[in-house]
Amino acid sequence: MPLVPDLVLYTRPGCSLCDEAREAIDLVIADRETRGLDIPIVVERNIDADPELHRQLFERIPVVEIGNQRVELVVTVGKVRRLLNEELGDEAATPGEPEPAS
């Protein structure tokens, strides 16, 4: 079984968009678990703790990365679902499927 890469959420304290991204990630992870699909470990990185990350990502957070895939600024359930589908090579949702209510 191939190793599932970590899903990384770059955030900082007081970021309301980061809170929304975290909620979207939680919904997608719960859906994948229900479907029996691979689930990445979610790792949060505070950009304030690393001056280089702060410089690179301050105007882009929240940033969600897994493998070579990335979503910046506007993180929705649909975007996280597509991100995981593309990186993990599965089909957790069918095209045109509505996003779960958040």
# chains A, B, ... in the order shown; residues from 1 in each chain; ligands from 1
call {"tool": "select_by_dssp", "arguments": {"residues": "range 58-98 of chain A", "states": "strand (DSSP E or B)", "output": "ChimeraX atom specification"}}
result
/A:63-66,69-72
call {"tool": "residues_around", "arguments": {"residues": "range 53-69 of chain A", "least_positions_apart": "6", "cutoff": "6 Å", "atoms": "only C-alpha atoms", "output": "list in words"}}
result
Leu7, Val8, Leu9, Tyr10, Thr11, Cys18 and Ile47 of chain A
call {"tool": "closest_residue", "arguments": {"among": "A:Arg12, A:Arg70, A:Lys79, A:Arg32", "to": "Glu44 in chain A", "atoms": "only C-alpha atoms"}}
result
A:Arg12
call {"tool": "closest_residue", "arguments": {"among": "A:Ala24, A:Val4, A:Leu83, A:Val74", "to": "Asp38 in chain A", "atoms": "only C-alpha atoms"}}
result
A:Val4
call {"tool": "select_by_dssp", "arguments": {"residues": "range 18-71 of chain A", "states": "helix (DSSP H, G or I)", "output": "list of chain:residue names"}}
result
A:Cys18, A:Asp19, A:Glu20, A:Ala21, A:Arg22, A:Glu23, A:Ala24, A:Ile25, A:Asp26, A:Leu27, A:Val28, A:Ile29, A:Ala30, A:Asp31, A:Arg32, A:Glu33, A:Thr34, A:Arg35, A:Ile47, A:Asp48, A:Ala49, A:Pro51, A:Glu52, A:Leu53, A:His54, A:Arg55, A:Gln56, A:Leu57
call {"tool": "atom_distance", "arguments": {"atom1": "CA of Glu86 in chain A", "atom2": "CA of Glu20 in chain A"}}
result
21.5 Å
call {"tool": "closest_residue", "arguments": {"among": "A:Val75, A:Ala49, A:Val42, A:Leu37", "to": "Asp19 in chain A", "atoms": "only C-alpha atoms"}}
result
A:Val75
call {"tool": "atom_distance", "arguments": {"atom1": "CA of Arg35 in chain A", "atom2": "CA of Glu72 in chain A"}}
result
26.2 Å
call {"tool": "atom_distance", "arguments": {"atom1": "CA of Arg81 in chain A", "atom2": "CA of Thr34 in chain A"}}
result
13.8 Å
call {"tool": "closest_residue", "arguments": {"among": "A:Pro51, A:Pro13, A:Pro5, A:Gly36", "to": "Leu88 in chain A", "atoms": "only C-alpha atoms"}}
result
A:Pro5
